[in-house]
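File shown: protein_28.cif (mmCIF, C-alpha atoms).
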data_entry
#
loop_
_atom_site.group_PDB
_atom_site.id
_atom_site.type_symbol
_atom_site.label_atom_id
_atom_site.label_comp_id
_atom_site.auth_asym_id
_atom_site.auth_seq_id
_atom_site.Cartn_x
_atom_site.Cartn_y
_atom_site.Cartn_z
ATOM 1 C CA MET A 1 0.758 -9.875 -7.947
ATOM 2 C CA LYS A 2 -2.359 -10.208 -5.795
ATOM 3 C CA ASN A 3 -5.030 -7.559 -6.288
ATOM 4 C CA THR A 4 -6.996 -7.531 -3.011
ATOM 5 C CA THR A 5 -6.542 -8.228 0.646
ATOM 6 C CA PHE A 6 -10.121 -8.754 1.760
ATOM 7 C CA PRO A 7 -11.939 -11.989 0.844
ATOM 8 C CA GLU A 8 -15.320 -10.319 1.362
ATOM 9 C CA LYS A 9 -16.725 -7.725 -1.004
ATOM 10 C CA LEU A 10 -16.415 -4.089 0.071
ATOM 11 C CA VAL A 11 -19.866 -2.803 1.017
ATOM 12 C CA TYR A 12 -21.037 0.725 0.248
ATOM 13 C CA VAL A 13 -23.437 2.090 2.863
ATOM 14 C CA PRO A 14 -25.498 5.149 1.846
ATOM 15 C CA PHE A 15 -27.182 7.505 4.270
ATOM 16 C CA SER A 16 -30.747 6.552 5.179
ATOM 17 C CA LYS A 17 -32.988 9.457 6.138
ATOM 18 C CA THR A 18 -35.728 7.083 7.274
ATOM 19 C CA GLN A 19 -33.632 6.161 10.319
ATOM 20 C CA CYS A 20 -33.578 9.744 11.537
ATOM 21 C CA GLY A 21 -37.278 10.223 12.100
ATOM 22 C CA VAL A 22 -37.287 13.435 10.032
ATOM 23 C CA ASP A 23 -36.402 14.288 6.459
ATOM 24 C CA PHE A 24 -32.881 15.549 7.276
ATOM 25 C CA TYR A 25 -29.485 14.148 6.283
ATOM 26 C CA ILE A 26 -28.336 14.044 9.907
ATOM 27 C CA ASN A 27 -28.717 11.778 12.927
ATOM 28 C CA THR A 28 -27.255 11.381 16.393
ATOM 29 C CA GLY A 29 -27.738 8.935 19.230
ATOM 30 C CA ARG A 30 -26.153 6.425 21.604
ATOM 31 C CA SER A 31 -24.208 3.303 20.663
ATOM 32 C CA ASP A 32 -26.814 0.953 22.129
ATOM 33 C CA GLU A 33 -29.286 2.208 19.502
ATOM 34 C CA ILE A 34 -27.134 0.928 16.632
ATOM 35 C CA SER A 35 -25.408 -2.025 18.268
ATOM 36 C CA GLY A 36 -23.782 -4.288 15.683
ATOM 37 C CA VAL A 37 -23.695 -1.772 12.839
ATOM 38 C CA LEU A 38 -19.923 -1.202 12.938
ATOM 39 C CA THR A 39 -19.058 -4.893 12.542
ATOM 40 C CA GLU A 40 -22.019 -5.883 10.364
ATOM 41 C CA HIS A 41 -19.750 -5.821 7.312
ATOM 42 C CA SER A 42 -16.101 -6.839 7.198
ATOM 43 C CA ALA A 43 -15.272 -3.741 5.166
ATOM 44 C CA PHE A 44 -17.412 -0.815 4.059
ATOM 45 C CA ARG A 45 -17.565 2.815 3.010
ATOM 46 C CA THR A 46 -20.224 5.440 3.558
ATOM 47 C CA ASP A 47 -21.297 8.615 1.755
ATOM 48 C CA PHE A 48 -21.541 10.691 4.942
ATOM 49 C CA PHE A 49 -19.449 12.084 7.793
ATOM 50 C CA GLU A 50 -19.277 9.927 10.928
ATOM 51 C CA PHE A 51 -18.166 11.285 14.282
ATOM 52 C CA PHE A 52 -17.838 9.087 17.373
ATOM 53 C CA PHE A 53 -17.503 10.443 20.917
ATOM 54 C CA PHE A 54 -16.235 7.512 22.991
ATOM 55 C CA ARG A 55 -16.965 7.324 26.683
ATOM 56 C CA LYS A 56 -15.590 3.780 26.506
ATOM 57 C CA GLY A 57 -13.493 2.572 23.589
ATOM 58 C CA CYS A 58 -11.566 -0.604 22.853
ATOM 59 C CA GLY A 59 -10.361 -2.442 19.781
ATOM 60 C CA THR A 60 -9.085 -1.134 16.460
ATOM 61 C CA LEU A 61 -10.343 0.710 13.400
ATOM 62 C CA LEU A 62 -8.528 0.126 10.112
ATOM 63 C CA LEU A 63 -9.280 3.322 8.194
ATOM 64 C CA ASN A 64 -8.013 3.038 4.647
ATOM 65 C CA THR A 65 -4.405 2.060 5.466
ATOM 66 C CA ARG A 66 -4.273 3.742 8.885
ATOM 67 C CA ARG A 67 -4.568 1.800 12.151
ATOM 68 C CA ILE A 68 -6.420 3.636 14.924
ATOM 69 C CA GLU A 69 -6.603 2.238 18.450
ATOM 70 C CA LEU A 70 -9.910 3.037 20.131
ATOM 71 C CA HIS A 71 -9.779 4.282 23.723
ATOM 72 C CA ASP A 72 -11.802 6.078 26.366
ATOM 73 C CA GLY A 73 -12.348 9.807 25.914
ATOM 74 C CA MET A 74 -11.391 10.007 22.244
ATOM 75 C CA VAL A 75 -13.314 11.751 19.477
ATOM 76 C CA LEU A 76 -13.119 10.076 16.067
ATOM 77 C CA LEU A 77 -13.789 12.262 13.014
ATOM 78 C CA LEU A 78 -14.357 10.293 9.795
ATOM 79 C CA SER A 79 -14.851 11.812 6.345
ATOM 80 C CA PRO A 80 -16.959 10.082 3.658
ATOM 81 C CA HIS A 81 -15.807 7.412 1.205
ATOM 82 C CA GLN A 82 -13.058 5.904 3.370
ATOM 83 C CA GLN A 83 -12.485 2.181 3.723
ATOM 84 C CA GLN A 84 -13.489 1.105 7.246
ATOM 85 C CA ARG A 85 -12.854 -2.175 9.021
ATOM 86 C CA TRP A 86 -13.754 -2.302 12.711
ATOM 87 C CA ILE A 87 -12.062 -4.925 14.874
ATOM 88 C CA THR A 88 -13.803 -4.604 18.218
ATOM 89 C CA ASP A 89 -16.413 -6.033 20.564
ATOM 90 C CA GLU A 90 -19.290 -3.598 20.153
ATOM 91 C CA THR A 91 -20.850 -4.650 23.448
ATOM 92 C CA ARG A 92 -17.879 -3.067 25.210
ATOM 93 C CA LEU A 93 -18.207 0.272 23.423
ATOM 94 C CA ASP A 94 -20.063 3.265 24.811
ATOM 95 C CA TYR A 95 -20.250 6.288 22.513
ATOM 96 C CA THR A 96 -22.454 8.971 21.068
ATOM 97 C CA PHE A 97 -22.459 9.140 17.283
ATOM 98 C CA LEU A 98 -23.125 11.947 14.844
ATOM 99 C CA ILE A 99 -23.647 11.274 11.149
ATOM 100 C CA PHE A 100 -24.522 13.807 8.486
ATOM 101 C CA ARG A 101 -24.125 14.437 4.794
ATOM 102 C CA GLU A 102 -22.344 17.491 3.507
ATOM 103 C CA ASP A 103 -25.415 18.685 1.617
ATOM 104 C CA PHE A 104 -27.416 18.891 4.850
ATOM 105 C CA MET A 105 -26.127 22.432 5.444
ATOM 106 C CA ARG A 106 -26.031 23.691 1.874
ATOM 107 C CA THR A 107 -29.375 25.472 1.923
ATOM 108 C CA PHE A 108 -28.342 27.268 5.114
ATOM 109 C CA LEU A 109 -24.662 28.058 4.557
ATOM 110 C CA VAL A 110 -23.542 30.175 1.629
ATOM 111 C CA ASP A 111 -19.950 28.945 2.018
ATOM 112 C CA LYS A 112 -19.755 25.894 -0.256
ATOM 113 C CA PHE A 113 -16.181 25.203 0.903
ATOM 114 C CA PHE A 114 -17.093 25.036 4.586
ATOM 115 C CA VAL A 115 -16.165 21.376 5.171
ATOM 116 C CA TYR A 116 -12.825 21.912 3.419
ATOM 117 C CA ARG A 117 -12.037 24.609 5.975
ATOM 118 C CA LEU A 118 -12.243 21.990 8.706
ATOM 119 C CA LEU A 119 -8.727 20.675 9.242
ATOM 120 C CA TYR A 120 -9.924 17.168 10.122
ATOM 121 C CA CYS A 121 -11.923 16.716 6.904
ATOM 122 C CA TYR A 122 -10.465 15.164 3.750
ATOM 123 C CA GLN A 123 -6.870 15.025 4.972
ATOM 124 C CA THR A 124 -4.228 12.329 5.392
ATOM 125 C CA ASP A 125 -1.280 13.906 7.252
ATOM 126 C CA THR A 126 -2.717 13.877 10.780
ATOM 127 C CA PRO A 127 -4.892 11.277 12.551
ATOM 128 C CA PRO A 128 -8.673 11.803 12.355
ATOM 129 C CA CYS A 129 -9.093 11.876 16.129
ATOM 130 C CA ILE A 130 -8.459 13.979 19.217
ATOM 131 C CA ASP A 131 -8.425 13.453 22.991
ATOM 132 C CA PRO A 132 -10.228 16.529 24.300
ATOM 133 C CA ALA A 133 -10.316 17.714 27.876
ATOM 134 C CA ARG A 134 -13.204 16.319 29.903
ATOM 135 C CA GLU A 135 -15.087 19.618 29.977
ATOM 136 C CA ASP A 136 -14.787 19.933 26.189
ATOM 137 C CA PHE A 137 -15.989 16.358 25.707
ATOM 138 C CA ASP A 138 -19.003 17.088 27.923
ATOM 139 C CA GLU A 139 -19.767 20.211 25.886
ATOM 140 C CA TYR A 140 -19.772 18.186 22.666
ATOM 141 C CA ILE A 141 -22.225 15.733 24.194
ATOM 142 C CA ARG A 142 -24.444 18.586 25.390
ATOM 143 C CA LEU A 143 -24.630 19.980 21.843
ATOM 144 C CA LEU A 144 -25.380 16.546 20.412
ATOM 145 C CA THR A 145 -28.165 16.092 22.945
ATOM 146 C CA LYS A 146 -29.732 19.355 21.789
ATOM 147 C CA ILE A 147 -29.527 18.198 18.161
ATOM 148 C CA ARG A 148 -31.069 14.870 19.111
ATOM 149 C CA ASN A 149 -33.965 16.563 20.889
ATOM 150 C CA GLU A 150 -34.735 18.660 17.812
ATOM 151 C CA LEU A 151 -34.615 15.569 15.601
ATOM 152 C CA ARG A 152 -36.920 13.576 17.851
ATOM 153 C CA GLN A 153 -39.457 16.383 18.363
ATOM 154 C CA PRO A 154 -39.131 18.613 15.280
ATOM 155 C CA THR A 155 -40.977 21.913 14.928
ATOM 156 C CA PHE A 156 -41.130 24.530 12.184
ATOM 157 C CA ASP A 157 -37.718 25.998 13.081
ATOM 158 C CA SER A 158 -35.860 22.779 13.974
ATOM 159 C CA TYR A 159 -33.791 22.778 10.795
ATOM 160 C CA ASN A 160 -32.314 26.213 11.530
ATOM 161 C CA ILE A 161 -31.565 25.296 15.131
ATOM 162 C CA ILE A 162 -29.946 21.971 14.177
ATOM 163 C CA VAL A 163 -27.723 23.573 11.558
ATOM 164 C CA SER A 164 -26.693 26.297 13.994
ATOM 165 C CA LEU A 165 -25.769 23.732 16.635
ATOM 166 C CA LEU A 166 -23.920 21.577 14.102
ATOM 167 C CA TYR A 167 -22.005 24.556 12.748
ATOM 168 C CA TYR A 168 -20.901 25.548 16.238
ATOM 169 C CA LEU A 169 -19.893 21.977 17.069
ATOM 170 C CA LEU A 170 -17.862 21.533 13.881
ATOM 171 C CA VAL A 171 -16.013 24.824 14.303
ATOM 172 C CA THR A 172 -15.320 24.095 17.973
ATOM 173 C CA LEU A 173 -13.933 20.684 17.042
ATOM 174 C CA ASN A 174 -11.787 22.344 14.393
ATOM 175 C CA ARG A 175 -10.282 24.676 16.965
ATOM 176 C CA ALA A 176 -9.472 21.733 19.235
ATOM 177 C CA TYR A 177 -8.040 19.739 16.320
ATOM 178 C CA ALA A 178 -5.770 22.616 15.265
ATOM 179 C CA ALA A 179 -4.467 22.925 18.812
ATOM 180 C CA ALA A 180 -3.940 19.164 19.173
ATOM 181 C CA TYR A 181 -1.742 18.926 16.069
ATOM 182 C CA ASN A 182 -0.267 22.443 16.064
ATOM 183 C CA LEU A 183 -1.897 23.319 12.741
ATOM 184 C CA PRO A 184 -2.388 26.814 11.299
ATOM 185 C CA ALA A 185 -5.709 28.312 12.356
ATOM 186 C CA ALA A 186 -5.499 31.845 10.975
ATOM 187 C CA LEU A 187 -8.412 33.452 9.197
ATOM 188 C CA PRO A 188 -8.028 32.846 5.439
ATOM 189 C CA LYS A 189 -7.381 35.757 3.110
ATOM 190 C CA ASN A 190 -9.172 33.931 0.274
ATOM 191 C CA ASN A 191 -10.743 30.585 -0.664
ATOM 192 C CA TYR A 192 -7.883 29.296 -2.828
ATOM 193 C CA ALA A 193 -6.652 26.612 -0.424
ATOM 194 C CA PHE A 194 -10.155 25.260 0.171
ATOM 195 C CA ARG A 195 -11.031 25.301 -3.523
ATOM 196 C CA PHE A 196 -7.832 23.357 -4.145
ATOM 197 C CA LYS A 197 -8.847 20.656 -1.639
ATOM 198 C CA SER A 198 -12.296 20.487 -3.206
ATOM 199 C CA LEU A 199 -10.828 20.110 -6.691
ATOM 200 C CA LEU A 200 -8.435 17.393 -5.481
ATOM 201 C CA GLU A 201 -11.408 15.327 -4.308
ATOM 202 C CA GLN A 202 -13.046 15.708 -7.706
ATOM 203 C CA HIS A 203 -10.110 15.351 -10.098
ATOM 204 C CA ILE A 204 -7.206 13.480 -8.472
ATOM 205 C CA GLY A 205 -7.795 10.533 -10.798
ATOM 206 C CA GLU A 206 -6.987 12.508 -13.912
ATOM 207 C CA VAL A 207 -5.093 15.631 -12.790
ATOM 208 C CA GLN A 208 -1.819 15.325 -10.864
ATOM 209 C CA ARG A 209 -0.047 18.624 -11.475
ATOM 210 C CA VAL A 210 -0.369 21.691 -9.262
ATOM 211 C CA GLU A 211 -0.131 23.927 -12.337
ATOM 212 C CA GLU A 212 -3.283 22.389 -13.780
ATOM 213 C CA TYR A 213 -5.241 23.047 -10.607
ATOM 214 C CA ALA A 214 -3.961 26.622 -10.558
ATOM 215 C CA ASP A 215 -5.157 26.985 -14.157
ATOM 216 C CA MET A 216 -8.602 25.671 -13.172
ATOM 217 C CA MET A 217 -8.735 28.371 -10.517
ATOM 218 C CA GLN A 218 -7.268 31.016 -12.846
ATOM 219 C CA ILE A 219 -4.455 31.901 -10.481
ATOM 220 C CA SER A 220 -0.702 31.362 -10.551
ATOM 221 C CA ARG A 221 0.993 28.353 -8.993
ATOM 222 C CA VAL A 222 2.852 30.740 -6.646
ATOM 223 C CA THR A 223 -0.433 32.225 -5.410
ATOM 224 C CA LEU A 224 -1.948 28.782 -4.901
ATOM 225 C CA ASN A 225 1.083 27.470 -3.065
ATOM 226 C CA ARG A 226 1.183 30.492 -0.754
ATOM 227 C CA ALA A 227 -2.511 30.071 0.073
ATOM 228 C CA VAL A 228 -2.144 26.358 0.822
ATOM 229 C CA SER A 229 0.975 26.941 2.917
ATOM 230 C CA ASP A 230 -0.693 29.709 4.923
ATOM 231 C CA GLN A 231 -3.815 27.648 5.562
ATOM 232 C CA PHE A 232 -2.514 24.100 6.005
ATOM 233 C CA GLY A 233 1.191 24.515 6.739
ATOM 234 C CA VAL A 234 2.301 22.402 3.757
ATOM 235 C CA THR A 235 2.947 23.022 0.069
ATOM 236 C CA ALA A 236 0.304 22.489 -2.588
ATOM 237 C CA ASN A 237 2.495 19.782 -4.106
ATOM 238 C CA HIS A 238 2.649 17.938 -0.781
ATOM 239 C CA LEU A 239 -1.128 18.057 -0.429
ATOM 240 C CA LEU A 240 -1.549 16.774 -3.976
ATOM 241 C CA LYS A 241 0.961 13.933 -3.579
ATOM 242 C CA GLN A 242 -0.602 12.782 -0.311
ATOM 243 C CA ARG A 243 -4.086 12.774 -1.839
ATOM 244 C CA LEU A 244 -2.820 10.895 -4.892
ATOM 245 C CA LEU A 245 -1.001 8.371 -2.715
ATOM 246 C CA GLU A 246 -4.142 7.786 -0.647
ATOM 247 C CA ALA A 247 -6.163 7.127 -3.799
ATOM 248 C CA LEU A 248 -3.540 4.739 -5.171
ATOM 249 C CA LYS A 249 -3.349 2.779 -1.910
ATOM 250 C CA ASN A 250 -7.115 2.423 -1.723
ATOM 251 C CA ASP A 251 -7.522 1.270 -5.306
ATOM 252 C CA PHE A 252 -4.600 -1.130 -4.990
ATOM 253 C CA LEU A 253 -5.638 -2.701 -1.680
ATOM 254 C CA PHE A 254 -9.401 -2.542 -1.954
ATOM 255 C CA GLY A 255 -10.264 -1.954 -5.598
ATOM 256 C CA GLY A 256 -8.640 -5.000 -7.152
ATOM 257 C CA ARG A 257 -6.376 -2.905 -9.400
ATOM 258 C CA ASN A 258 -2.858 -4.020 -10.326
ATOM 259 C CA VAL A 259 0.032 -1.670 -11.044
ATOM 260 C CA SER A 260 -0.526 -1.572 -14.812
ATOM 261 C CA GLN A 261 -4.191 -0.768 -14.345
ATOM 262 C CA LEU A 262 -3.407 1.911 -11.784
ATOM 263 C CA ALA A 263 -0.883 3.502 -14.144
ATOM 264 C CA ASP A 264 -3.600 3.715 -16.806
ATOM 265 C CA ASP A 265 -6.273 4.901 -14.381
ATOM 266 C CA TYR A 266 -4.116 7.688 -12.962
ATOM 267 C CA ARG A 267 -2.511 8.630 -16.262
ATOM 268 C CA PHE A 268 1.081 7.717 -15.490
ATOM 269 C CA SER A 269 3.021 7.461 -18.743
ATOM 270 C CA ASP A 270 4.448 4.083 -17.712
ATOM 271 C CA PRO A 271 3.953 1.616 -14.810
ATOM 272 C CA SER A 272 7.619 2.101 -13.871
ATOM 273 C CA HIS A 273 6.946 5.801 -13.216
ATOM 274 C CA LEU A 274 4.096 4.852 -10.904
ATOM 275 C CA MET A 275 6.261 2.324 -9.068
ATOM 276 C CA ARG A 276 8.997 4.926 -8.627
ATOM 277 C CA PHE A 277 6.509 7.458 -7.227
ATOM 278 C CA PHE A 278 5.060 4.876 -4.821
ATOM 279 C CA LYS A 279 8.501 3.822 -3.586
ATOM 280 C CA GLN A 280 9.540 7.452 -3.059
ATOM 281 C CA GLN A 281 6.445 8.196 -1.005
ATOM 282 C CA THR A 282 6.198 5.002 1.067
ATOM 283 C CA GLY A 283 9.704 3.552 1.036
ATOM 284 C CA LYS A 284 8.181 0.274 -0.202
ATOM 285 C CA THR A 285 7.320 -1.429 -3.459
ATOM 286 C CA PHE A 286 3.697 -2.306 -4.135
ATOM 287 C CA SER A 287 4.423 -5.950 -3.308
ATOM 288 C CA GLU A 288 6.121 -5.033 -0.029
ATOM 289 C CA TYR A 289 3.288 -2.702 0.898
ATOM 290 C CA LEU A 290 0.667 -5.383 0.212
ATOM 291 C CA ASP A 291 2.611 -7.988 2.146
ATOM 292 C CA ASP A 292 2.925 -5.664 5.155
ATOM 293 C CA TYR A 293 -0.768 -4.831 5.081
ATOM 294 C CA GLU A 294 -1.808 -8.472 4.917
ATOM 295 C CA HIS A 295 0.376 -9.147 7.964
ATOM 296 C CA GLY A 296 -1.324 -6.399 9.941
ATOM 297 C CA ILE A 297 1.358 -3.729 9.515
ATOM 298 C CA CYS A 298 -0.551 -0.485 9.052
ATOM 299 C CA GLU A 299 0.388 3.184 9.234
#
How does this structure look as structure tokens?
Amino acid sequence: MKNTTFPEKLVYVPFSKTQCGVDFYINTGRSDEISGVLTEHSAFRTDFFEFFFFRKGCGTLLLNTRRIELHDGMVLLLSPHQQQRWITDETRLDYTFLIFREDFMRTFLVDKFFVYRLLYCYQTDTPPCIDPAREDFDEYIRLLTKIRNELRQPTFDSYNIIVSLLYYLLVTLNRAYAAAYNLPAALPKNNYAFRFKSLLEQHIGEVQRVEEYADMMQISRVTLNRAVSDQFGVTANHLLKQRLLEALKNDFLFGGRNVSQLADDYRFSDPSHLMRFFKQQTGKTFSEYLDDYEHGICE
């Protein structure tokens, strides 16, 4: 069985504060300022959030195993550490970008689970994009322009202003995202659901049982499942399986891992158990899934 689909090595792109003009893990600007950066590498990942507000969009983004068609008026909301492959003519794109690292807001926000409260962050069930109304799109651009001005001409209180603007923008986007996909948007009664998502990002490679996550949090499985259902509209087991499946797909397609290696890495007792899980979740064998992907059939 083949282990990879891309002939070129996957590139990891870290955040560079030197490009921002100030010592902050955030930047925003127009597409003509970074022309060529999206297609510089055939495939890459980053360690920061990337949001794109497209006035003009064309072409395709292959995000992990998802195919996203770029179009005018869309807002693209990308979480860190995802496989990206842009198939587009960058000269035909017109967008405003926002990039930032999660730790940018940590000294300002007490809520360490803030990004996990955002329905578009670290999820796989719904597309990472929305088509907002024109007035909403214009409001996003207005906020980004204010952030840009603070970055380009910083003063003693610029950090507080930038974080305030970013917080408002992210929460406003979350409201629009919830409405676009009919997702629960009620105020949480506790942090259990968000802690669960955070723990999944940290431990999915070695922990694949909801009970174990509940034990980590010192709550019952019933309590955890109720919290996840109330907040995200799905069961805790569904969230876990989707996160596990995403990790398996990425390591299989882009990490050069075969089924036996994946079974060892993710602590399946036998490769056949892994193959059964994969077939149940995707309706395909690993070989069929790889063949479809190499022929351009994406989700």
Next on the checklist: I need the output of the PyMOL selection byres ((chain A and resi 275) around 10) for this file as number ranges by chain; which residues are they?
Outcome noted: A: 259-260, 263, 268, 270-274, 276-281, 284-286
Checklist entry - Quick one: residues within 12 Å of Asn182 of chain A, all atoms listed in the file counted, chain neighbours fewer than 3 positions away excluded, as a ChimeraX atom specification? => result /A:119,126,174-179,185-186,232-233
Checklist entry - When the PyMOL selection byres ((chain A and resi 71-83) around 9) is applied to the file above, which residues end up in the set, as a ChimeraX atom specification? => result /A:10,12,43-59,62-65,69-70,84-85,94,101,120-123,127-134,137,250,254
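For the atom pair formed by atom CA of Thr235 of chain A and atom CA of Tyr213 of chain A, the distance is 13.5 Å, given to one decimal.
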Checklist entry - For the file shown, what are the residues hit by the PyMOL selection byres ((chain A and resi 227) around 9), laid out as a PyMOL selection string? => result chain A and resi 188-193+222-226+228-232+235-236
Return as AutoDock Vina command-line options the box centre and box size in Å, one decimal, for an axis-aligned box around all listed atoms of segment 190-204 of chain A padded by 8 Å per side.
--center_x -9.8 --center_y 23.7 --center_z -4.9 --size_x 22.4 --size_y 36.5 --size_z 26.4
Item to check | Between atom CA of Val163 of chain A and atom CA of Phe97 of chain A - distance in Å to one decimal | outcome: 16.4 Å
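With only C-alpha atoms as the atoms that count, the minimum distance from Val115 of chain A to the choices A:Asn237, A:Asn160, A:Ser198, A:Ser287 is reached by A:Ser198.
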